[in-house]
Amino acid sequence: MKRIHTVAVLAATTTLALSGCAKKSTDDAPASAGGRTTVRVLISGDTNVQDLWTKGIVPGFTKANPGIDVKVELDLHGEHDSQNLAKMAAAVKGDKDAGFDIVDGGFVAQAARASLLLPADPETITGLADVPPDIVKAGAGGGIPYRGSSVLLAYNPAKVKNPPKTLDELLAWIKANKGQFTYNSPKSGGSGSSFVTTVLDKYLTADEQQKLRTSYAKELEPKWDKGFAELKSLNAFVYQGGVYPNGNSQVLQLLSGGSISMAPVWSDQFISGQKSGQIPATIKAMQISNPSFTGGAAYLGIPKNSPNKDAAIKLTNYVLTPDAQNVIAKTIAGYPVIPLDKLPADTQAIFKEAHPENLRPTYFAEVGSDMSKAWDDKVPGQ
Amino acid sequence: VSAGAAGTVRRRRGSRAARSRSLGAFFAALPPILLVALFAGLPILLAVGYSLGHTGGLNSVTASYAQHQYVSSGGLGTTGAYREMLGSERFRVDVVVTVLVTVLSTAIVLALSLGIALNLRLRGGLVARAIAALGVVPLFIPVVIASWAILTFYSSDGFIRSVFAHIGVDAPSLGFKVATIVIGSVWTSLPFAVLMISSGVQAVPDSVIDAARDSGAGLVRTTRSVILPMAFIPIVIATTFTAIGVLGSFTVPYFTGPNSPRMLGVDIQNYFSAYNQPQQAIVIAVTIFVLASGIAVAYIWANFRSANDKDL
């Protein structure tokens with residue numbers, strides 16, 4: 001899942017220059033002392049994910065496993081992602097301690113592709129047995145999916161009486177209501193990326209879609225042309241005749257402020273935005289069909305040579321239990337990655353409009369990068 | 001013969017003193033040189049090597065996850081990445097837009113700060129001082145916040161359009177346009193240019209200006225023939241720094257600019273992280289470096305000129 005916060009991008013870019021600011025997580029060294037083990041979790045994300053771990057997952061886990069302590073470290077907005085990835089690469093290649101045992105963040109995918117992580121194998125990580133294989137596969141071999149989210153169609157009921165139910169209806173609506181719809185550029189956030197993927201998929205067979213999701217099937221990319229032509233034809237009907245903002249939150253702002261009346265949005269961002277009041281309660285969101293918008297999972301990664309591998313595996317397995325999945329659903333509105341019927345009825349009710357069981361995965365990471373570039377070249381300002 | 005020999009000895013003694021002096025200077029300069037070589041020189045060499053397809057060694061981590069790489073088959077390397085980028089229509093358009101924004105922004109910044117400086121020097125007074133102080137304000141506002149402010153000010157539901165809407169005029173929206181980038185660049189570059197140029201113009205002595213006026217020179221003539229030549233070096237420095245800053249800017253074009261065409265600073269970020277093509281990102285970096293070198297030549301020339309002036 002790709003979710004670039006504009007702030008994080010900026011911060012990451014500036015901190016690249018100031019690499020001296022890299023966090024030192026090795027100083028207060030961990031490991032086993034007196035029979036106790038400490039698992040170090042590195043979070044690259046926002047404080048809501050930190051709360052999920054420290055207030056939700058960790059208390060439950062330490063209660064069930066009294067011999068293991070969990071230390072959570074937050075790298076806010078993933079500002080040090082590139083340094084942490086480089087540190088892990090160097091640590092694994094030189095067989096040294098990377099300073100963390102579990103990573104929860106966007107760079108897990110890159111680390112998995114560079115084979116720095118313990119394989120996400122149901123034999124070792126038994127909790128994966130309940131997770132749909134497609135989602136596991138999208139983790140590039142090392143990413144362990146632990147919560148999902150998908151993109152939904154959000155609309156302002158004051159202006160849209162009969163929201164479109166299918167992709168075709170949506171495309172017709174966009175053309176009939178000039179300037180009322182937009183999506184963010186696919187490179188800048190997953191919600192726009194999902195809209196683009198869904199339109200491209202309209203012109204592909206199920207087999208071709210599957211290949212693009214599970215492998216870097218470069219040879220299929222020319223088949224996107226029809227989809228891109230369709231997207232290009234929308235330029236004149238999009239907000240201000242073809243303005244595609246950078247980032248998920250800019251689109252949400254336009255929608256909340258009334259500049260547009262419909263847009264694709266992330267489920268978790270939408271649900272928590274309404275909770276905090278940033279998005280007016282009157283705005284509604286639902287999933288379209290035929291095809292539905294894509295979604296994806298957030299992945300955990302365990303460095304190949306972690307000194308606390310066994311405890312890290314235990315914690316990962318705990319995260320995949322119905323108890324922990326329920327906590328994730330309740331605190332940050334994350335979709336469970338295990339079947340919904342294993343969770344309590346009230347949790348199932350939250351997700352009845354979102355259909356997490358039909359999570360249509362996004363493209364394979366490399367395919368996604370190529371798609372972002374192709375969109376930039378072929379759609380805006382053309 | 002003896003006079004010649006004495007001359008040689010004197011010259012030799014002189015050159016020995018000079019040599020020991022230059023050796024001392026060399027050792028004094030060694031730490032910064034080593035620092036630059038290690039933290040700037042080496043990474044640049046590695047990056048340029050990588051862009052030419054050398055994916056081994058210290059580049060192997062990046063190479064392990066990059067897409068669309070050109071790998072060298074030996075020798076000096078391959079120019080594949082450079083050929084791909086220079087051959088793409090998109091990149092050429094982006095280069096042209098970047099140069100255009102740079103030239104336009106620099107020209108506007110120069111005109112504005114010259115105006116502010118001359119007004120302060122020749123007219124003076126409270127208003128002139130207030131304007132000069134106001135011109136420096138953007139220095140204290142972070143660029144991210146300024147970019148957002150500019151975007152919301154000119155956007156479709158922004159201040160300008162709201163004011164015009166009240167009198168029944170549908171003003172154009174300037175959000176997400178190349179023009180917005182120019183506005184933002186001028187806004188962020190103005191303070192440095194104002195500080196630099198107004199201090200240069202302030203340094204022109206009263207007596208010189210009075211002399212010019214006494215011999216009948218008007219305002220334009222005094223400015224053109226007296227003030228501008230005397231403040232020439234600070235003006236060149238302000239111009240080059242502004243141009244180089246705008247050329248490589250990221251924040252302003254990223255927030256306020258259109259999806260297409262893009263400035264090169266935004267392109268680097270796109271290629272590096274969104275498209276996962278670090279090799280192509282380095283090609284863009286090299287392009288910006290080449291463009292900036294052209295501007296830097298002007299700066300170095302101005303520095304030499306000022307050094308020569310002092311010697312005279």
# chains A, B, ... in the order shown; residues from 1 in each chain; ligands from 1

$ interface_residues --of "chain B" --to "chain A" --cutoff "9 Å" --atoms "only C-alpha atoms" --output "PyMOL selection string"
chain B and resi 61+64-67+90+144+156-157+173+176+250-251+254-255+258-261+269-271+273-277

$ residues_around --residues "Leu220 in chain A" --least-positions-apart "5" --cutoff "10 Å" --atoms "only C-alpha atoms" --output "PDB file with N, CA, C and O atoms, in the first residue's frame"
ATOM      1  N   LEU A 204      -8.719  -4.741 -19.082  1.00  0.00           N
ATOM      2  CA  LEU A 204      -7.835  -5.909 -19.025  1.00  0.00           C
ATOM      3  C   LEU A 204      -8.650  -7.144 -18.658  1.00  0.00           C
ATOM      4  O   LEU A 204      -9.668  -7.048 -17.967  1.00  0.00           O
ATOM      5  N   GLU A 208      -4.889 -11.040 -16.969  1.00  0.00           N
ATOM      6  CA  GLU A 208      -3.893  -9.975 -17.103  1.00  0.00           C
ATOM      7  C   GLU A 208      -3.798  -9.162 -15.818  1.00  0.00           C
ATOM      8  O   GLU A 208      -2.707  -8.827 -15.357  1.00  0.00           O
ATOM      9  N   GLN A 209      -4.973  -8.877 -15.221  1.00  0.00           N
ATOM     10  CA  GLN A 209      -4.974  -8.136 -13.952  1.00  0.00           C
ATOM     11  C   GLN A 209      -4.204  -8.907 -12.893  1.00  0.00           C
ATOM     12  O   GLN A 209      -3.394  -8.349 -12.153  1.00  0.00           O
ATOM     13  N   LYS A 211      -1.881 -11.102 -13.229  1.00  0.00           N
ATOM     14  CA  LYS A 211      -0.430 -11.116 -13.484  1.00  0.00           C
ATOM     15  C   LYS A 211       0.210  -9.810 -13.037  1.00  0.00           C
ATOM     16  O   LYS A 211       1.296  -9.805 -12.476  1.00  0.00           O
ATOM     17  N   LEU A 212      -0.496  -8.692 -13.294  1.00  0.00           N
ATOM     18  CA  LEU A 212       0.060  -7.397 -12.919  1.00  0.00           C
ATOM     19  C   LEU A 212       0.077  -7.220 -11.403  1.00  0.00           C
ATOM     20  O   LEU A 212       0.825  -6.404 -10.875  1.00  0.00           O
ATOM     21  N   VAL A 367       5.139  -2.543 -10.825  1.00  0.00           N
ATOM     22  CA  VAL A 367       4.124  -2.190 -11.814  1.00  0.00           C
ATOM     23  C   VAL A 367       3.485  -0.860 -11.411  1.00  0.00           C
ATOM     24  O   VAL A 367       3.252   0.014 -12.252  1.00  0.00           O
TER      25      VAL A 367
END

$ closest_residue --among "B:Ala298, B:Val96, B:Ile197, B:Leu190" --to "Pro234 in chain B" --atoms "only C-alpha atoms"
B:Ile197

$ closest_residue --among "B:Ser249, B:Ser207, B:Gln280, B:Gln202" --to "Leu228 in chain B" --atoms "only C-alpha atoms"
B:Gln202

$ residues_around --residues "range 119-134 of chain B" --least-positions-apart "4" --cutoff "12 Å" --atoms "only C-alpha atoms" --output "tab-separated table (two decimals) with N, CA and C atoms, in the first residue's frame"
chain	number	residue	atom	x	y	z
B	112	LEU	N	12.39	43.88	-8.53
B	112	LEU	CA	11.77	44.30	-7.27
B	112	LEU	C	12.81	44.76	-6.26
B	113	SER	N	13.88	43.97	-6.10
B	113	SER	CA	14.82	44.32	-5.05
B	113	SER	C	15.65	45.54	-5.43
B	114	LEU	N	15.90	45.73	-6.74
B	114	LEU	CA	16.58	46.96	-7.17
B	114	LEU	C	15.70	48.17	-6.86
B	115	GLY	N	14.42	48.01	-7.16
B	115	GLY	CA	13.49	49.11	-6.88
B	115	GLY	C	13.47	49.46	-5.41
B	138	PRO	N	9.50	37.41	4.26
B	138	PRO	CA	9.40	36.00	3.86
B	138	PRO	C	10.52	35.12	4.40
B	139	LEU	N	11.66	35.74	4.74
B	139	LEU	CA	12.80	34.99	5.27
B	139	LEU	C	12.40	34.24	6.53
B	140	PHE	N	11.43	34.79	7.27
B	140	PHE	CA	11.09	34.21	8.57
B	140	PHE	C	9.88	33.28	8.50
B	187	TRP	N	8.48	35.16	-4.14
B	187	TRP	CA	8.20	35.40	-2.73
B	187	TRP	C	9.32	34.86	-1.84
B	190	LEU	N	12.94	36.72	-2.62
B	190	LEU	CA	13.06	38.17	-2.49
B	190	LEU	C	13.94	38.62	-1.30
B	191	PRO	N	13.76	38.07	-0.10
B	191	PRO	CA	14.50	38.59	1.06
B	191	PRO	C	16.01	38.63	0.85
B	192	PHE	N	16.58	37.53	0.38
B	192	PHE	CA	18.03	37.50	0.22
B	192	PHE	C	18.49	38.57	-0.77
B	193	ALA	N	17.76	38.67	-1.89
B	193	ALA	CA	18.14	39.65	-2.90
B	193	ALA	C	18.01	41.07	-2.35
B	194	VAL	N	16.95	41.31	-1.58
B	194	VAL	CA	16.77	42.66	-1.01
B	194	VAL	C	17.91	42.99	-0.05
B	195	LEU	N	18.24	42.04	0.83
B	195	LEU	CA	19.33	42.27	1.78
B	195	LEU	C	20.63	42.56	1.05
B	196	MET	N	20.94	41.71	0.08
B	196	MET	CA	22.21	41.79	-0.65
B	196	MET	C	22.31	43.10	-1.43
B	197	ILE	N	21.28	43.36	-2.24
B	197	ILE	CA	21.35	44.51	-3.15
B	197	ILE	C	21.20	45.81	-2.38
B	198	SER	N	20.31	45.86	-1.38
B	198	SER	CA	20.17	47.14	-0.70
B	198	SER	C	21.43	47.47	0.11
B	199	SER	N	22.11	46.44	0.65
B	199	SER	CA	23.34	46.76	1.36
B	199	SER	C	24.40	47.24	0.38
B	200	GLY	N	24.41	46.66	-0.84
B	200	GLY	CA	25.35	47.11	-1.87
B	200	GLY	C	25.07	48.55	-2.28
B	201	VAL	N	23.79	48.85	-2.47
B	201	VAL	CA	23.41	50.19	-2.92
B	201	VAL	C	23.62	51.22	-1.79
B	202	GLN	N	23.34	50.80	-0.55
B	202	GLN	CA	23.55	51.69	0.58
B	202	GLN	C	25.02	52.08	0.72
B	203	ALA	N	25.92	51.16	0.29
B	203	ALA	CA	27.35	51.39	0.48
B	203	ALA	C	27.92	52.44	-0.47
B	204	VAL	N	27.12	52.84	-1.48
B	204	VAL	CA	27.63	53.88	-2.38
B	204	VAL	C	27.66	55.19	-1.60
B	205	PRO	N	28.84	55.85	-1.51
B	205	PRO	CA	28.95	57.04	-0.66
B	205	PRO	C	28.09	58.20	-1.16
B	206	ASP	N	27.59	58.99	-0.22
B	206	ASP	CA	26.79	60.17	-0.55
B	206	ASP	C	27.54	61.10	-1.48
B	209	ILE	N	27.30	60.27	-5.14
B	209	ILE	CA	25.99	60.57	-5.70
B	209	ILE	C	25.81	62.08	-5.84
B	210	ASP	N	26.23	62.82	-4.81
B	210	ASP	CA	26.12	64.29	-4.85
B	210	ASP	C	26.94	64.86	-5.99
B	213	ARG	N	25.19	64.36	-9.19
B	213	ARG	CA	24.04	65.25	-9.33
B	213	ARG	C	24.49	66.68	-9.60
B	218	GLY	N	20.80	63.24	-13.99
B	218	GLY	CA	19.46	63.03	-13.44
B	218	GLY	C	19.41	61.72	-12.67
B	219	LEU	N	18.20	61.34	-12.26
B	219	LEU	CA	18.01	60.13	-11.47
B	219	LEU	C	18.46	58.88	-12.24
B	220	VAL	N	17.99	58.81	-13.49
B	220	VAL	CA	18.29	57.63	-14.30
B	220	VAL	C	19.79	57.53	-14.54
B	222	THR	N	22.26	58.89	-12.81
B	222	THR	CA	22.98	58.59	-11.57
B	222	THR	C	22.91	57.09	-11.27
B	223	THR	N	21.69	56.55	-11.43
B	223	THR	CA	21.52	55.13	-11.16
B	223	THR	C	22.36	54.28	-12.10
B	227	ILE	N	25.47	54.30	-9.42
B	227	ILE	CA	25.07	53.36	-8.37
B	227	ILE	C	25.21	51.90	-8.83
B	228	LEU	N	24.63	51.60	-10.00
B	228	LEU	CA	24.66	50.22	-10.46
B	228	LEU	C	26.08	49.68	-10.64
B	231	ALA	N	27.52	48.97	-7.21
B	231	ALA	CA	26.90	47.87	-6.47
B	231	ALA	C	26.85	46.61	-7.33

$ residues_around --residues "Ser292 in chain A" --least-positions-apart "3" --cutoff "10 Å" --atoms "only C-alpha atoms" --output "PyMOL selection string"
chain A and resi 150-153+165-167+194-195+198-199+287-289+295+355+358-360

$ residues_around --residues "Tyr50 in chain B" --least-positions-apart "6" --cutoff "9 Å" --atoms "only C-alpha atoms" --output "short mmCIF file (atom, residue, chain, number, x, y, z; two decimals) with all heavy atoms, in the first residue's frame"
data_model
loop_
_atom_site.label_atom_id
_atom_site.label_comp_id
_atom_site.auth_asym_id
_atom_site.auth_seq_id
_atom_site.Cartn_x
_atom_site.Cartn_y
_atom_site.Cartn_z
N GLY B 56 27.73 -2.06 -9.02
CA GLY B 56 28.35 -2.88 -7.98
C GLY B 56 28.78 -2.06 -6.78
O GLY B 56 28.48 -0.87 -6.67
N ASN B 59 27.12 0.92 -4.65
CA ASN B 59 25.83 1.19 -5.29
C ASN B 59 24.91 -0.02 -5.28
O ASN B 59 23.78 0.05 -5.75
CB ASN B 59 26.06 1.61 -6.75
CG ASN B 59 26.60 3.02 -6.85
OD1 ASN B 59 26.28 3.87 -6.02
ND2 ASN B 59 27.44 3.26 -7.84
N ALA B 63 20.94 -0.46 -6.29
CA ALA B 63 20.71 -1.22 -7.52
C ALA B 63 19.82 -2.43 -7.27
O ALA B 63 19.15 -2.90 -8.18
CB ALA B 63 22.05 -1.67 -8.11
N VAL B 71 22.66 -1.30 -17.00
CA VAL B 71 23.85 -1.83 -16.33
C VAL B 71 25.01 -1.81 -17.31
O VAL B 71 24.88 -2.24 -18.46
CB VAL B 71 23.60 -3.26 -15.82
CG1 VAL B 71 24.84 -3.80 -15.14
CG2 VAL B 71 22.41 -3.27 -14.87
N GLY B 77 31.34 2.72 -18.97
CA GLY B 77 29.93 2.60 -18.59
C GLY B 77 29.03 2.78 -19.78
O GLY B 77 29.49 2.89 -20.92
N PRO B 278 16.09 5.46 -9.65
CA PRO B 278 17.14 6.36 -9.16
C PRO B 278 18.16 6.74 -10.22
O PRO B 278 18.68 7.86 -10.19
CB PRO B 278 17.80 5.56 -8.03
CG PRO B 278 17.25 4.19 -8.10
CD PRO B 278 15.99 4.22 -8.87
N GLN B 279 18.42 5.85 -11.16
CA GLN B 279 19.40 6.18 -12.19
C GLN B 279 18.95 7.40 -13.00
O GLN B 279 19.72 8.33 -13.22
CB GLN B 279 19.55 4.98 -13.13
CG GLN B 279 20.98 4.71 -13.52
CD GLN B 279 21.10 3.43 -14.32
OE1 GLN B 279 20.14 2.90 -14.87
NE2 GLN B 279 22.31 2.93 -14.36
N ILE B 282 19.27 10.58 -11.10
CA ILE B 282 20.63 11.15 -11.10
C ILE B 282 20.90 11.89 -12.40
O ILE B 282 21.54 12.94 -12.40
CB ILE B 282 21.67 10.03 -10.86
CG1 ILE B 282 21.48 9.46 -9.45
CG2 ILE B 282 23.08 10.56 -11.04
CD1 ILE B 282 22.26 8.21 -9.20
#

$ decode --residues "range 100-132 of chain B" --atoms "N, CA, C and O atoms" --output "short mmCIF file (atom, residue, chain, number, x, y, z; two decimals), in the first residue's frame"
data_model
loop_
_atom_site.label_atom_id
_atom_site.label_comp_id
_atom_site.auth_asym_id
_atom_site.auth_seq_id
_atom_site.Cartn_x
_atom_site.Cartn_y
_atom_site.Cartn_z
N LEU B 100 12.64 28.48 -17.91
CA LEU B 100 11.74 29.62 -18.05
C LEU B 100 11.37 30.20 -16.68
O LEU B 100 11.44 31.41 -16.47
N VAL B 101 10.96 29.31 -15.77
CA VAL B 101 10.58 29.77 -14.43
C VAL B 101 11.78 30.44 -13.76
O VAL B 101 11.63 31.49 -13.12
N THR B 102 12.97 29.86 -13.93
CA THR B 102 14.17 30.42 -13.31
C THR B 102 14.45 31.83 -13.84
O THR B 102 14.66 32.76 -13.05
N VAL B 103 14.43 31.97 -15.16
CA VAL B 103 14.75 33.27 -15.76
C VAL B 103 13.72 34.33 -15.34
O VAL B 103 14.07 35.43 -14.89
N LEU B 104 12.44 33.93 -15.43
CA LEU B 104 11.36 34.86 -15.11
C LEU B 104 11.42 35.29 -13.64
O LEU B 104 11.36 36.48 -13.32
N SER B 105 11.54 34.30 -12.75
CA SER B 105 11.55 34.61 -11.32
C SER B 105 12.74 35.49 -10.97
O SER B 105 12.62 36.46 -10.22
N THR B 106 13.92 35.13 -11.53
CA THR B 106 15.12 35.90 -11.22
C THR B 106 14.97 37.34 -11.70
O THR B 106 15.34 38.28 -10.98
N ALA B 107 14.41 37.51 -12.90
CA ALA B 107 14.24 38.86 -13.44
C ALA B 107 13.32 39.68 -12.54
O ALA B 107 13.61 40.84 -12.22
N ILE B 108 12.21 39.06 -12.12
CA ILE B 108 11.25 39.80 -11.28
C ILE B 108 11.88 40.14 -9.93
O ILE B 108 11.77 41.26 -9.44
N VAL B 109 12.58 39.14 -9.33
CA VAL B 109 13.22 39.37 -8.04
C VAL B 109 14.22 40.52 -8.15
O VAL B 109 14.28 41.42 -7.31
N LEU B 110 15.00 40.49 -9.24
CA LEU B 110 16.02 41.52 -9.43
C LEU B 110 15.38 42.90 -9.56
O LEU B 110 15.83 43.86 -8.91
N ALA B 111 14.32 42.97 -10.37
CA ALA B 111 13.66 44.25 -10.58
C ALA B 111 13.08 44.77 -9.26
O ALA B 111 13.27 45.95 -8.91
N LEU B 112 12.39 43.88 -8.53
CA LEU B 112 11.77 44.30 -7.27
C LEU B 112 12.81 44.76 -6.26
O LEU B 112 12.69 45.82 -5.65
N SER B 113 13.88 43.97 -6.10
CA SER B 113 14.82 44.32 -5.05
C SER B 113 15.65 45.54 -5.43
O SER B 113 16.03 46.33 -4.56
N LEU B 114 15.90 45.73 -6.74
CA LEU B 114 16.58 46.96 -7.17
C LEU B 114 15.70 48.17 -6.86
O LEU B 114 16.19 49.19 -6.36
N GLY B 115 14.42 48.01 -7.16
CA GLY B 115 13.49 49.11 -6.88
C GLY B 115 13.47 49.46 -5.41
O GLY B 115 13.59 50.63 -5.03
N ILE B 116 13.38 48.41 -4.57
CA ILE B 116 13.35 48.64 -3.13
C ILE B 116 14.64 49.30 -2.66
O ILE B 116 14.63 50.27 -1.89
N ALA B 117 15.78 48.82 -3.18
CA ALA B 117 17.08 49.33 -2.74
C ALA B 117 17.28 50.78 -3.18
O ALA B 117 17.74 51.62 -2.40
N LEU B 118 16.90 51.08 -4.44
CA LEU B 118 17.10 52.45 -4.94
C LEU B 118 16.18 53.43 -4.22
O LEU B 118 16.58 54.55 -3.88
N ASN B 119 14.96 52.97 -3.97
CA ASN B 119 14.01 53.81 -3.25
C ASN B 119 14.56 54.14 -1.86
O ASN B 119 14.48 55.27 -1.39
N LEU B 120 15.16 53.13 -1.24
CA LEU B 120 15.71 53.31 0.10
C LEU B 120 16.91 54.26 0.07
O LEU B 120 17.09 55.10 0.95
N ARG B 121 17.73 54.13 -0.99
CA ARG B 121 18.97 54.91 -1.06
C ARG B 121 18.70 56.35 -1.46
O ARG B 121 19.25 57.28 -0.87
N LEU B 122 17.85 56.53 -2.47
CA LEU B 122 17.71 57.86 -3.05
C LEU B 122 16.60 58.68 -2.41
O LEU B 122 16.71 59.88 -2.29
N ARG B 123 15.51 58.00 -2.01
CA ARG B 123 14.43 58.74 -1.39
C ARG B 123 14.46 58.64 0.12
O ARG B 123 14.29 59.60 0.84
N GLY B 124 14.69 57.41 0.61
CA GLY B 124 14.78 57.18 2.05
C GLY B 124 13.45 57.44 2.74
O GLY B 124 12.38 57.41 2.11
N GLY B 125 13.51 57.64 4.03
CA GLY B 125 12.28 57.94 4.76
C GLY B 125 11.65 56.68 5.32
O GLY B 125 12.08 55.56 5.07
N LEU B 126 10.59 56.90 6.08
CA LEU B 126 9.95 55.82 6.82
C LEU B 126 9.33 54.78 5.88
O LEU B 126 9.49 53.58 6.06
N VAL B 127 8.63 55.29 4.82
CA VAL B 127 7.94 54.37 3.92
C VAL B 127 8.94 53.44 3.23
O VAL B 127 8.75 52.23 3.17
N ALA B 128 10.03 54.03 2.72
CA ALA B 128 11.03 53.24 2.02
C ALA B 128 11.63 52.19 2.96
O ALA B 128 11.84 51.04 2.57
N ARG B 129 11.87 52.59 4.21
CA ARG B 129 12.43 51.64 5.16
C ARG B 129 11.43 50.53 5.48
O ARG B 129 11.78 49.37 5.60
N ALA B 130 10.15 50.93 5.58
CA ALA B 130 9.12 49.93 5.88
C ALA B 130 9.01 48.91 4.74
O ALA B 130 8.90 47.70 4.97
N ILE B 131 9.08 49.42 3.48
CA ILE B 131 8.99 48.50 2.33
C ILE B 131 10.16 47.54 2.35
O ILE B 131 10.01 46.33 2.14
N ALA B 132 11.37 48.07 2.60
CA ALA B 132 12.56 47.21 2.63
C ALA B 132 12.43 46.16 3.72
O ALA B 132 12.77 44.99 3.51
#
